[in-house]
Structures are given as C-alpha cells and as structure tokens.
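Raw contents of target_7.cif, mmCIF, C-alpha atoms and all ligand atoms:
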data_final
#
loop_
_atom_site.label_atom_id
_atom_site.label_comp_id
_atom_site.auth_asym_id
_atom_site.auth_seq_id
_atom_site.Cartn_x
_atom_site.Cartn_y
_atom_site.Cartn_z
CA MET A 1 -3.66 3.29 -29.74
CA GLU A 2 -0.92 1.81 -27.58
CA GLN A 3 -0.92 4.94 -25.42
CA LYS A 4 -4.69 4.65 -24.96
CA ALA A 5 -4.35 0.99 -23.93
CA LEU A 6 -1.56 1.86 -21.51
CA TYR A 7 -3.65 4.66 -20.01
CA ASP A 8 -6.63 2.31 -19.58
CA TYR A 9 -4.37 -0.31 -18.05
CA LEU A 10 -3.06 2.15 -15.46
CA LEU A 11 -6.67 2.94 -14.55
CA LEU A 12 -7.44 -0.77 -14.20
CA LEU A 13 -4.50 -1.11 -11.83
CA GLY A 14 -5.09 2.10 -9.91
CA ASP A 15 -8.87 2.00 -9.55
CA ASN A 16 -8.88 -1.25 -7.55
CA SER A 17 -6.48 0.30 -5.04
CA ALA A 18 -8.34 3.63 -4.97
CA ILE A 19 -11.79 2.18 -4.31
CA LEU A 20 -10.58 -0.42 -1.82
CA GLY A 21 -8.48 2.27 -0.14
CA GLN A 22 -11.58 4.46 0.17
CA ARG A 23 -13.61 1.58 1.62
CA LEU A 24 -10.91 0.93 4.22
CA GLY A 25 -10.66 4.65 4.92
CA GLU A 26 -14.31 4.58 6.02
CA LEU A 27 -13.13 2.49 8.97
CA CYS A 28 -10.79 5.21 10.24
CA GLY A 29 -11.90 5.73 13.84
CA HIS A 30 -14.53 3.00 13.45
CA GLY A 31 -12.48 -0.20 13.45
CA PRO A 32 -13.61 -2.92 15.83
CA GLU A 33 -10.58 -2.25 18.05
CA LEU A 34 -7.68 0.17 17.99
CA GLU A 35 -5.08 -2.15 16.46
CA THR A 36 -7.24 -3.33 13.60
CA ASP A 37 -8.41 0.24 13.01
CA ILE A 38 -4.79 1.36 12.65
CA ALA A 39 -3.83 -1.67 10.57
CA LEU A 40 -6.67 -1.25 8.08
CA THR A 41 -6.16 2.47 7.66
CA ASN A 42 -2.44 1.89 7.14
CA VAL A 43 -3.29 -0.62 4.43
CA SER A 44 -5.53 2.08 2.96
CA LEU A 45 -2.61 4.52 3.04
CA ASP A 46 -0.36 2.04 1.22
CA LEU A 47 -3.03 1.55 -1.43
CA PHE A 48 -3.46 5.28 -1.95
CA GLY A 49 0.30 5.66 -2.25
CA GLN A 50 0.25 3.07 -5.00
CA VAL A 51 -2.69 4.82 -6.67
CA ARG A 52 -0.71 8.06 -6.73
CA ASN A 53 2.16 6.30 -8.48
CA TYR A 54 -0.15 4.83 -11.12
CA PHE A 55 -2.12 8.03 -11.67
CA GLN A 56 0.91 10.34 -11.79
CA TYR A 57 2.18 8.10 -14.56
CA ALA A 58 -1.28 7.97 -16.21
CA ALA A 59 -1.37 11.79 -16.17
CA LYS A 60 1.95 11.86 -18.06
CA VAL A 61 0.64 9.36 -20.59
CA ALA A 62 -2.60 11.33 -21.06
CA GLY A 63 -0.79 14.68 -21.36
CA GLU A 64 -2.76 17.91 -21.74
CA ASP A 65 -4.34 19.04 -18.46
CA ALA A 66 -4.56 15.64 -16.80
CA THR A 67 -3.32 15.41 -13.21
CA GLU A 68 -3.35 12.61 -10.66
CA ASP A 69 -6.26 14.38 -8.94
CA SER A 70 -8.34 14.88 -12.06
CA ILE A 71 -7.92 11.20 -12.92
CA ALA A 72 -8.74 10.04 -9.42
CA MET A 73 -11.58 12.41 -8.64
CA LEU A 74 -13.24 13.76 -11.76
CA ARG A 75 -14.35 10.72 -13.70
CA LEU A 76 -17.94 9.51 -13.92
CA GLU A 77 -19.07 6.23 -12.41
CA HIS A 78 -18.94 4.20 -15.64
CA GLU A 79 -15.40 5.42 -16.27
CA TYR A 80 -14.05 3.64 -13.18
CA LYS A 81 -12.53 0.26 -13.94
CA ASN A 82 -12.27 -1.31 -10.50
CA SER A 83 -13.56 -4.84 -9.99
CA LEU A 84 -16.94 -5.30 -8.31
CA LEU A 85 -15.27 -6.99 -5.33
CA VAL A 86 -13.52 -3.92 -3.95
CA GLU A 87 -16.62 -1.68 -3.97
CA GLN A 88 -18.65 -4.04 -1.76
CA PRO A 89 -19.60 -2.47 1.58
CA ASN A 90 -18.06 -2.98 5.03
CA ARG A 91 -21.06 -4.88 6.42
CA ASP A 92 -19.10 -6.22 9.37
CA PHE A 93 -15.50 -7.05 10.21
CA ALA A 94 -15.77 -10.48 8.59
CA TYR A 95 -16.80 -8.87 5.29
CA VAL A 96 -13.88 -6.44 5.55
CA ILE A 97 -11.37 -9.22 6.16
CA CYS A 98 -12.82 -11.59 3.58
CA ARG A 99 -12.91 -8.91 0.87
CA GLN A 100 -9.35 -7.93 1.77
CA PHE A 101 -8.11 -11.51 1.65
CA LEU A 102 -9.75 -12.23 -1.72
CA PHE A 103 -8.14 -9.09 -3.11
CA ASP A 104 -4.71 -9.36 -1.41
CA THR A 105 -4.18 -12.88 -2.74
CA TYR A 106 -4.87 -11.63 -6.27
CA HIS A 107 -2.88 -8.43 -5.74
CA GLN A 108 0.19 -10.33 -4.58
CA LEU A 109 0.07 -12.69 -7.58
CA LEU A 110 -0.42 -9.78 -9.96
CA LEU A 111 2.44 -7.68 -8.58
CA ASN A 112 4.75 -10.67 -8.62
CA GLU A 113 4.21 -10.72 -12.38
CA LEU A 114 4.31 -6.95 -12.87
CA VAL A 115 7.81 -6.70 -11.38
CA ASN A 116 8.92 -8.27 -14.68
CA SER A 117 6.83 -5.94 -16.83
CA LYS A 118 8.43 -4.69 -20.04
CA ASN A 119 7.18 -1.26 -19.00
CA ASP A 120 9.91 0.03 -16.66
CA GLN A 121 7.68 2.42 -14.72
CA ILE A 122 5.05 -0.23 -14.03
CA ALA A 123 7.80 -2.65 -12.96
CA ALA A 124 9.21 -0.01 -10.58
CA ILE A 125 5.79 0.67 -9.03
CA ALA A 126 5.23 -3.08 -8.63
CA LYS A 127 8.62 -3.60 -6.96
CA LYS A 128 7.76 -0.89 -4.47
CA SER A 129 4.20 -2.11 -3.90
CA ILE A 130 4.89 -5.82 -3.51
CA LYS A 131 6.75 -5.32 -0.24
CA GLU A 132 3.71 -3.57 1.19
CA VAL A 133 1.19 -6.03 -0.20
CA ASP A 134 3.06 -9.01 1.28
CA TYR A 135 2.28 -7.42 4.63
CA HIS A 136 -1.38 -6.87 3.71
CA TYR A 137 -1.66 -10.54 2.83
CA ASP A 138 -0.11 -11.53 6.16
CA ILE A 139 -2.76 -9.56 7.99
CA SER A 140 -5.81 -10.67 6.02
CA SER A 141 -4.84 -14.34 5.74
CA THR A 142 -4.13 -14.65 9.47
CA TRP A 143 -7.36 -12.82 10.37
CA MET A 144 -9.30 -15.20 8.10
CA GLN A 145 -8.02 -18.05 10.24
CA ARG A 146 -8.66 -16.28 13.54
CA LEU A 147 -12.26 -15.57 12.59
CA GLY A 148 -12.94 -18.88 10.89
CA ASP A 149 -11.30 -20.91 13.61
CA GLY A 150 -12.61 -18.71 16.43
CA THR A 151 -16.09 -18.96 17.92
CA GLU A 152 -19.21 -20.37 16.34
CA GLU A 153 -20.40 -16.81 15.78
CA SER A 154 -17.18 -15.57 14.13
CA ASN A 155 -17.08 -18.64 11.90
CA LYS A 156 -20.71 -18.11 10.84
CA ARG A 157 -20.05 -14.47 10.01
CA LEU A 158 -17.00 -15.31 7.95
CA GLN A 159 -18.93 -17.99 6.07
CA ASP A 160 -21.73 -15.45 5.41
CA ALA A 161 -19.18 -12.97 4.09
CA LEU A 162 -17.57 -15.56 1.83
CA ASP A 163 -20.99 -16.70 0.54
CA PHE A 164 -21.69 -13.12 -0.48
CA LEU A 165 -18.25 -12.06 -1.76
CA TRP A 166 -17.08 -15.20 -3.56
CA ARG A 167 -19.24 -14.41 -6.61
CA TYR A 168 -17.09 -11.32 -7.26
CA SER A 169 -13.71 -13.09 -7.09
CA MET A 170 -13.41 -14.47 -10.61
CA GLU A 171 -13.82 -11.10 -12.29
CA LEU A 172 -10.23 -10.39 -11.25
CA PHE A 173 -9.05 -13.12 -13.64
CA LYS A 174 -11.26 -12.40 -16.63
CA PRO A 175 -9.14 -10.20 -18.88
CA THR A 176 -10.61 -7.13 -20.53
CA ASP A 177 -9.52 -6.16 -24.07
CA THR A 178 -7.00 -3.81 -22.51
CA GLU A 179 -5.48 -6.54 -20.36
CA ILE A 180 -5.24 -8.85 -23.38
CA ILE A 181 -3.33 -6.18 -25.34
CA MET A 182 -1.04 -5.53 -22.38
CA ALA A 183 -0.33 -9.25 -21.97
CA GLU A 184 0.55 -9.51 -25.67
CA MET A 185 2.96 -6.60 -25.25
CA GLY A 186 4.57 -8.15 -22.19
CA VAL A 187 3.43 -5.26 -19.99
CA GLY A 188 1.01 -7.29 -17.89
CA PRO A 189 0.46 -11.00 -17.17
CA ASP A 190 -1.98 -13.39 -18.81
CA LEU A 191 -4.58 -13.31 -16.03
CA GLU A 192 -6.05 -16.69 -16.91
CA THR A 193 -2.77 -18.38 -15.97
CA LEU A 194 -2.93 -16.88 -12.47
CA ARG A 195 -6.40 -18.28 -11.74
CA PRO A 196 -5.39 -21.86 -10.80
CA VAL A 197 -2.67 -20.63 -8.44
CA TYR A 198 -5.18 -18.24 -6.88
CA LEU A 199 -7.75 -20.97 -6.35
CA GLU A 200 -5.16 -23.22 -4.77
CA ARG A 201 -4.00 -20.49 -2.36
CA VAL A 202 -7.40 -19.25 -1.26
CA LYS A 203 -8.78 -22.76 -0.84
CA ASP A 204 -5.86 -23.66 1.41
CA ILE A 205 -6.75 -20.72 3.69
CA PHE A 206 -10.48 -21.52 3.51
CA LEU A 207 -9.66 -25.01 4.72
CA LYS A 208 -7.62 -23.65 7.63
CA SER A 209 -10.46 -21.23 8.39
CA ASN A 210 -13.21 -23.88 8.34
CA VAL A 211 -15.18 -22.12 5.61
CA ILE A 212 -16.22 -23.33 2.18
CA ALA A 213 -16.53 -21.48 -1.11
CA LYS A 214 -19.81 -22.20 -2.85
CA GLU A 215 -19.38 -24.68 -5.69
CA ASP A 216 -22.47 -23.39 -7.49
CA ALA A 217 -21.64 -19.68 -7.27
CA ILE A 218 -22.88 -17.57 -10.17
CA PHE A 219 -19.92 -15.29 -10.81
CA GLN A 220 -20.53 -11.62 -11.45
CA TYR A 221 -18.61 -9.49 -13.93
CA GLY A 222 -18.75 -5.89 -15.16
CA GLY A 223 -16.81 -3.52 -12.92
CA LYS A 224 -13.66 -3.65 -15.03
CA THR A 225 -15.66 -2.50 -18.06
CA GLY A 226 -17.60 0.16 -16.16
CA THR A 227 -20.82 -1.62 -15.16
CA HIS A 228 -20.85 -1.32 -11.39
CA THR A 229 -23.04 -2.37 -8.49
CA GLU A 230 -25.17 0.32 -6.82
CA TYR A 231 -22.48 0.84 -4.18
CA LEU A 232 -19.91 2.64 -6.31
CA GLY A 233 -22.02 5.78 -6.77
CA TYR A 234 -22.21 6.31 -3.02
CA ILE A 235 -18.47 5.80 -2.64
CA LEU A 236 -17.78 8.35 -5.37
CA ALA A 237 -20.20 10.88 -3.89
CA GLU A 238 -17.99 11.01 -0.81
CA PHE A 239 -14.66 10.42 -2.57
CA GLN A 240 -15.18 13.21 -5.12
CA TYR A 241 -17.01 15.73 -2.98
CA MET A 242 -14.13 18.11 -2.25
CA GLN A 243 -12.84 18.25 -5.84
CA ARG A 244 -16.36 18.75 -7.18
CA ALA A 245 -17.23 21.45 -4.63
CA TYR A 246 -13.86 23.22 -4.81
CA PRO A 247 -12.35 22.44 -8.23
CA ASN A 248 -8.54 22.09 -8.25
CA MET A 249 -8.33 22.41 -4.48
CA GLN A 250 -5.06 21.32 -2.86
CA TRP A 251 -4.41 20.23 0.71
CA MET B 1 25.65 7.90 -2.13
CA GLU B 2 27.76 10.44 -3.98
CA VAL B 3 27.11 13.99 -2.91
CA ALA B 4 28.42 16.98 -4.85
CA SER B 5 30.39 18.51 -1.96
CA PRO B 6 30.64 18.58 1.86
CA GLU B 7 28.62 21.82 1.87
CA ILE B 8 25.75 20.17 -0.01
CA GLU B 9 25.90 17.15 2.24
CA GLU B 10 25.68 19.50 5.23
CA ILE B 11 22.51 21.09 3.86
CA LEU B 12 20.92 17.71 3.18
CA ARG B 13 21.94 16.48 6.60
CA SER B 14 20.02 19.37 8.19
CA VAL B 15 16.74 18.04 6.78
CA SER B 16 15.00 15.35 8.78
CA ASP B 17 11.94 13.15 8.63
CA PRO B 18 9.09 15.32 10.05
CA GLU B 19 7.75 12.33 11.96
CA ILE B 20 11.14 11.23 13.31
CA PRO B 21 13.00 14.53 13.81
CA VAL B 22 16.21 12.86 15.08
CA LEU B 23 16.66 11.03 11.80
CA SER B 24 18.35 13.00 9.03
CA ILE B 25 17.23 12.14 5.51
CA MET B 26 20.85 11.25 4.75
CA ASP B 27 20.88 8.65 7.51
CA MET B 28 17.47 7.43 6.44
CA GLY B 29 19.00 6.57 3.06
CA ILE B 30 16.32 8.22 0.97
CA VAL B 31 18.61 10.65 -0.90
CA ARG B 32 19.72 8.68 -3.93
CA LYS B 33 21.48 11.13 -6.22
CA VAL B 34 22.54 14.77 -6.37
CA GLU B 35 23.44 16.40 -9.67
CA GLN B 36 24.61 19.95 -10.11
CA GLU B 37 23.58 22.10 -13.05
CA GLY B 38 24.99 25.58 -12.48
CA GLU B 39 23.30 26.98 -9.39
CA ARG B 40 20.63 24.32 -9.59
CA TYR B 41 20.76 20.95 -7.84
CA LYS B 42 18.71 18.00 -9.00
CA ILE B 43 18.01 15.69 -6.10
CA ASP B 44 16.59 12.19 -6.39
CA ILE B 45 14.76 10.92 -3.32
CA THR B 46 12.99 7.60 -2.88
CA PRO B 47 9.89 7.03 -0.73
CA THR B 48 10.04 4.70 2.25
CA TYR B 49 6.44 3.54 1.77
CA SER B 50 4.31 4.38 -1.32
CA GLY B 51 1.78 6.29 0.74
CA CYS B 52 4.21 7.98 3.12
CA PRO B 53 2.73 11.45 3.68
CA ALA B 54 6.14 12.74 4.81
CA MET B 55 7.59 12.64 1.29
CA ASP B 56 5.95 15.86 0.07
CA THR B 57 7.04 17.65 3.24
CA ILE B 58 10.60 16.34 2.92
CA GLY B 59 10.76 17.58 -0.67
CA ASP B 60 9.59 21.04 0.42
CA ASP B 61 12.02 21.06 3.36
CA ILE B 62 14.96 20.25 1.07
CA LYS B 63 14.03 23.10 -1.27
CA ALA B 64 13.71 25.49 1.68
CA ALA B 65 17.08 24.42 3.11
CA PHE B 66 18.79 25.05 -0.25
CA LYS B 67 17.04 28.37 -0.67
CA GLN B 68 18.36 29.51 2.68
CA GLU B 69 21.88 29.00 1.30
CA GLY B 70 20.97 30.87 -1.86
CA LEU B 71 20.77 27.68 -3.91
CA GLU B 72 18.01 26.09 -5.86
CA ALA B 73 16.93 22.46 -5.54
CA GLU B 74 14.71 20.40 -7.79
CA ILE B 75 13.20 17.23 -6.33
CA ASN B 76 12.66 14.09 -8.32
CA LEU B 77 10.86 11.12 -6.74
CA VAL B 78 12.35 7.82 -7.91
CA LEU B 79 10.73 4.46 -7.15
CA SER B 80 13.41 2.09 -8.37
CA PRO B 81 15.40 0.56 -6.81
CA ALA B 82 12.88 0.41 -3.98
CA TRP B 83 13.98 1.70 -0.59
CA THR B 84 14.97 -0.87 2.02
CA THR B 85 15.66 -0.47 5.74
CA ASP B 86 19.22 -1.69 4.95
CA TRP B 87 19.84 1.84 3.66
CA ILE B 88 19.40 3.34 7.11
CA THR B 89 22.97 4.09 8.24
CA GLU B 90 24.50 2.87 11.50
CA ARG B 91 24.38 6.46 12.74
CA GLY B 92 20.67 6.55 11.83
CA LYS B 93 19.96 3.32 13.67
CA ALA B 94 21.71 4.64 16.78
CA ALA B 95 19.66 7.86 16.59
CA LEU B 96 16.44 5.85 16.38
CA GLU B 97 17.30 3.74 19.42
CA LYS B 98 18.24 6.82 21.41
CA TYR B 99 14.92 8.42 20.46
CA GLY B 100 13.04 5.36 21.79
CA ILE B 101 12.30 3.62 18.52
CA ALA B 102 13.76 0.13 18.10
CA ALA B 103 15.79 0.06 14.87
CA PRO B 104 14.99 -2.49 12.15
CA ARG B 105 16.47 -5.97 12.68
CA GLU B 106 16.40 -8.89 10.27
CA LYS B 107 13.33 -10.08 8.40
CA SER B 108 13.31 -13.27 10.49
CA VAL B 109 12.82 -11.14 13.63
CA ASP B 110 9.76 -9.45 12.11
CA LYS B 111 8.31 -12.78 11.06
CA ALA B 112 8.81 -14.32 14.49
CA ALA B 113 7.29 -11.29 16.22
CA LEU B 114 4.29 -11.38 13.89
CA LEU B 115 3.72 -15.00 14.81
CA GLY B 116 3.54 -13.98 18.45
CA GLU B 117 6.98 -15.20 19.54
CA LYS B 118 8.27 -13.22 22.47
CA ASN B 119 11.73 -11.85 23.31
CA GLN B 120 12.53 -10.80 19.77
CA LEU B 121 13.59 -7.23 20.53
CA GLU B 122 15.30 -5.35 23.33
CA CYS B 123 13.33 -2.51 24.88
CA PRO B 124 14.99 0.78 23.76
CA ARG B 125 14.30 2.29 27.20
CA CYS B 126 15.49 -0.33 29.69
CA GLY B 127 17.22 -2.91 27.50
CA SER B 128 15.05 -5.81 28.69
CA LYS B 129 14.55 -8.63 26.19
CA ASP B 130 11.16 -9.43 27.70
CA THR B 131 9.04 -7.65 25.07
CA LYS B 132 5.99 -8.47 22.99
CA MET B 133 4.34 -7.13 19.88
CA VAL B 134 1.05 -5.33 20.51
CA SER B 135 0.14 -4.35 16.95
CA ARG B 136 1.81 -4.87 13.59
CA PHE B 137 1.07 -1.26 12.69
CA GLY B 138 2.04 1.59 14.99
CA SER B 139 1.71 5.35 14.72
CA THR B 140 2.87 5.27 11.09
CA ALA B 141 2.93 2.65 8.33
CA CYS B 142 6.67 2.04 8.83
CA LYS B 143 6.39 1.12 12.50
CA ALA B 144 4.92 -1.68 14.63
CA LEU B 145 3.91 -1.25 18.27
CA PHE B 146 5.64 -3.26 20.99
CA GLN B 147 5.49 -3.31 24.76
CA CYS B 148 8.18 -4.06 27.34
CA ASN B 149 7.09 -6.50 30.04
CA ASP B 150 9.70 -5.17 32.50
CA CYS B 151 9.32 -1.39 32.42
CA HIS B 152 5.82 -1.75 30.90
CA GLU B 153 6.44 1.09 28.46
CA PRO B 154 5.13 0.75 24.92
CA PHE B 155 7.63 1.45 22.14
CA ASP B 156 7.71 1.66 18.37
CA TYR B 157 9.71 -0.72 16.23
CA PHE B 158 10.84 0.42 12.79
CA LYS B 159 9.78 -2.58 10.72
CA CYS B 160 12.26 -4.32 8.50
CA LEU B 161 11.46 -3.66 4.83
CA LYS B 162 13.46 -5.58 2.23
ZN ZN A 301 11.62 -1.67 29.05
#
Take the structure in the file and write it out as structure tokens.
Ligand SMILES: [Zn+2]
Amino acid sequence: MEQKALYDYLLLLGDNSAILGQRLGELCGHGPELETDIALTNVSLDLFGQVRNYFQYAAKVAGEDATEDSIAMLRLEHEYKNSLLVEQPNRDFAYVICRQFLFDTYHQLLLNELVNSKNDQIAAIAKKSIKEVDYHYDISSTWMQRLGDGTEESNKRLQDALDFLWRYSMELFKPTDTEIIMAEMGVGPDLETLRPVYLERVKDIFLKSNVIAKEDAIFQYGGKTGTHTEYLGYILAEFQYMQRAYPNMQW
Amino acid sequence: MEVASPEIEEILRSVSDPEIPVLSIMDMGIVRKVEQEGERYKIDITPTYSGCPAMDTIGDDIKAAFKQEGLEAEINLVLSPAWTTDWITERGKAALEKYGIAAPREKSVDKAALLGEKNQLECPRCGSKDTKMVSRFGSTACKALFQCNDCHEPFDYFKCLK
C-alpha cells in the first residue's frame, strides 16, 4: 500500500516535468529568437533530467520489469498524472512564458519543501533540482515583466495567455489522495498551505507585468487523476512513437 | 576526495568531460568516492546538472579506461550532496580559462550579469573587463554566453551553481 502510494507520488512529480519538458522540446529550432530557443530547450533538458531521477527511482519501487523508459513512454493517457496546465499548447511565446511562470513558481515552492522530505531519495532529487528551478523561475518571471511591460501588443498577448491559463493554476494545489497520504507520512508537503504563498508571489509579478488574473475564473481540475484535456493524446503520440514502434529501443 | 591509489587517480584523471575535453573529471569534482573490492572498483560520480547528457558518456569512458588497465569499474550515480561549482579545482578553473571558457565566479557575479550589469567578467581571450552577457544559456546547460566589447569575440561562462 505504502509502496503503491510512493510509486504514484513519483509519477505525480515526474509527469509534470516530462510533459512540460516535451512541450518545451517542441520549440527546439522554433523559438522566437536564438537565445530564447536555447534557454527554453535547456529548461526542457533540466526537466527531463529530473524526470529520469524520479522514474529511475519509481522503477526500483515498482520492481519486476519496470524501467525508466517503460514508465515514461508506455503508459496510456489516463495513467499520466500531470496537471492540466503543463499540457496546454505553445500558442505563442506569451503562452509559453505564462505557462512556464505559473508552473515554475509552484515548482520552486514544492521543491523547497521536498528538500526536507522524510524520503531520502526524494530529498536528494529535490536538492539537485531546486538549483536548476531557481534559474527557470528567474527566466520566466523576468520575461513576464518584459512582455507585460513591453508594447501594447505584447501586453495584450500576455493578458490573453493569462486569461486562458489561469483556470489551470489551482489544480497544482488541490491534493490527490496520494498527495494526502504522502503529506501525512512527511514525504511531501501539505499543498493547501502553499497556495497562499503562491498567490502572493504570482500576483506580485502580475502587478509588475500590468496583467490581471481573472477574479471569476472557473478553475479546472482532473489531470492529476488522469482526466486530461484533448491535448495530451497528441503529445503522447509524438512522445511515445519511438518506443511503440521499436519496443525497448535504446539511443 | 580519497582515491584508492596514485595509479587509480591517474586512470580517473585521464577521463574528461566530452564537451570540455581539457577538463578532467577529477578537476571537475564529480568523482565522489572510489572503493575497491578485489579487482573491482566502485566509483561514485555526481551529475553537474540533472539532465546533463555527458554523464552516461563519462560513466562509459571511466569503465573503458579501467578496462584498458585490466581493471573493472562499476559506476554509481549519486545525487546527494548535490554538485556545486565550488568543487571544480583551481587546476580545473585554470584549464577552463586557457580553453576560452570563463571559470565560475561568485553567485553575486551571476546575479549582476543576469540583471544586465556590465563589466562583471574578464574576457578569457584578451583580458578586457568590458564584457556583456548575451544569453543566460550557452551551448550547454552549464554555460552562459558572453561577448567581449574590446576583441568582440563571444565566449562561454561556466555558470556558478551553489
Ligand atoms: Zn576580449
């Protein structure tokens, strides 16, 4: 029972990074300019490195024939536990930055708690990851301000992106049964307690970026329990293609 | 770092980062522990960045270097304590500079450069202090891209990670 909860928790942690990493990877060679292209794909690389750490551990917990690749690539859509936010498409650069900022702020708060996890391996992964995620936050929070405080057009696009993405932000703080068990065991944080700090931080940056989060947003939930938006299937079709076409292939 | 013997240290010193060939893995500070069990050596290495694609290659290169000496190496990737640029030795930093990569400074330097403040680093080619950051990510995750305003050459800076 505890092993099953731990396994599910590692998927919850890893899937957000895997799906966001894949979304950012789509920008490789297609970023709006060279520097941002390199920056975003390097963020993607960091995220995939973190995913490997989580899934190598998950494979040990699962035992039998599980490997990091089978966990990453061979699950069905409803078995992925990423939040709805990270699977949203790269409509334009403002969407990419806004999605990244909403996630990075959460990710940084989460990892700051996980470094004190009673699970040593999770604490070690968090200590490694937090240094990288601090950098991700630097990039996305400063780009929020550059876009929001830039031209009329860039501000409008950022506001459009926030209007669309904000509804997916609160799912990050609604604990699943697994996250409740992990919080009780001292492995993960009580997500509800992170919500007020999150709201304070993002609203400070929204203010500096001249954008406003909708007060009457109808928040969407479901990704963490396997009910995804239509976008995830398309991501997985590309993400899983090689392992499905050539089972057990290695680079 | 305690190494079993000078011979073993020599073998490890011959292995370098595939992306920065002048930097031995010993000077990079990623070899954390070596334990001998008969003819077999258990070697703990720690990644620089979680997603660093060089880690798998480095592991294979260590095994190959041991094999060439008729020894067997087993690689274990350890995450904790997390690697920091403080573990790059003075010899390593000198090798980086000579190769044209500015060695990591203090965290305050990185912060100032990120905020667009100029004159934070000396150009590794001409020594001028008149330099600026072009991009916070360079050719790899561990580096940022700078440019010298005097000789106009771009150069990589090995970012401070603490
Ligand atoms: Zn110069």
Please identify all residues of chain A having at least one atom at most 10 Å from any atom of chain B, considering only C-alpha atoms, and return them as a compact mmCIF listing (two decimals) with C-alpha atoms, keeping the file's coordinate frame.
# COMPACT_ATOMS: atom_id res chain seq x y z
CA LEU A 34 -7.68 0.17 17.99
CA GLU A 35 -5.08 -2.15 16.46
CA THR A 36 -7.24 -3.33 13.60
CA ASP A 37 -8.41 0.24 13.01
CA ILE A 38 -4.79 1.36 12.65
CA ALA A 39 -3.83 -1.67 10.57
CA LEU A 40 -6.67 -1.25 8.08
CA THR A 41 -6.16 2.47 7.66
CA ASN A 42 -2.44 1.89 7.14
CA VAL A 43 -3.29 -0.62 4.43
CA SER A 44 -5.53 2.08 2.96
CA LEU A 45 -2.61 4.52 3.04
CA ASP A 46 -0.36 2.04 1.22
CA LEU A 47 -3.03 1.55 -1.43
CA PHE A 48 -3.46 5.28 -1.95
CA GLY A 49 0.30 5.66 -2.25
CA GLN A 50 0.25 3.07 -5.00
CA VAL A 51 -2.69 4.82 -6.67
CA ARG A 52 -0.71 8.06 -6.73
CA ASN A 53 2.16 6.30 -8.48
CA ASP A 120 9.91 0.03 -16.66
CA GLN A 121 7.68 2.42 -14.72
CA ALA A 123 7.80 -2.65 -12.96
CA ALA A 124 9.21 -0.01 -10.58
CA ILE A 125 5.79 0.67 -9.03
CA ALA A 126 5.23 -3.08 -8.63
CA LYS A 127 8.62 -3.60 -6.96
CA LYS A 128 7.76 -0.89 -4.47
CA SER A 129 4.20 -2.11 -3.90
CA LYS A 131 6.75 -5.32 -0.24
CA GLU A 132 3.71 -3.57 1.19
CA TYR A 135 2.28 -7.42 4.63
CA ASP A 138 -0.11 -11.53 6.16
CA ILE A 139 -2.76 -9.56 7.99
CA THR A 142 -4.13 -14.65 9.47
(Q) Here is a test: counting only C-alpha atoms and all ligand atoms, which residue of B:Phe66, B:Phe146, B:Phe158, B:Tyr41 is nearest to ligand ZN 301 (chain A)? (A) B:Phe146
Q. Near stretch 27-38 of chain B, within 10 Å and counting all atoms listed in the file, which residues show up once chain neighbours fewer than 2 positions away are dropped, as a ChimeraX atom specification?
A. /B:1-5,8-9,12-13,16-17,22-25,40-48,55,71-78,81-93,95
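Residues of protein, DNA or RNA having at least one counted atom within 8 Å of (12.9, -7.1, 20.7), given all atoms listed in the file, are B:Ala102, B:Lys118, B:Asn119, B:Gln120, B:Leu121, B:Glu122, B:Cys123, B:Lys129, B:Asp130, B:Thr131, B:Lys132.
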Selected residues written out with C-alpha atoms, as a compact mmCIF listing (two decimals), in the coordinates of the input:
# COMPACT_ATOMS: atom_id res chain seq x y z
CA ALA B 102 13.76 0.13 18.10
CA LYS B 118 8.27 -13.22 22.47
CA ASN B 119 11.73 -11.85 23.31
CA GLN B 120 12.53 -10.80 19.77
CA LEU B 121 13.59 -7.23 20.53
CA GLU B 122 15.30 -5.35 23.33
CA CYS B 123 13.33 -2.51 24.88
CA LYS B 129 14.55 -8.63 26.19
CA ASP B 130 11.16 -9.43 27.70
CA THR B 131 9.04 -7.65 25.07
CA LYS B 132 5.99 -8.47 22.99
Q | Near-ligand residues for ligand ZN 301 (chain A), threshold 10 Å, only C-alpha atoms and all ligand atoms, as a PyMOL selection string | A | chain B and resi 122-131+147-155
Q | Length of the atom CA of A:Leu111 to atom CA of A:Leu12 vector [Å] | A | 13.3 Å
**Q.** Using only C-alpha atoms: which of A:Lys118, A:Lys174, A:His78, A:Lys203 has the shortest distance to A:Thr229
**A.** A:His78
**Q.** Separation of atom CA of B:Met133 from atom CA of A:Gln145 in Å
**A.**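 Separation between atom CA of A:Gln145 and atom CA of B:Met133: 19.1 Å.
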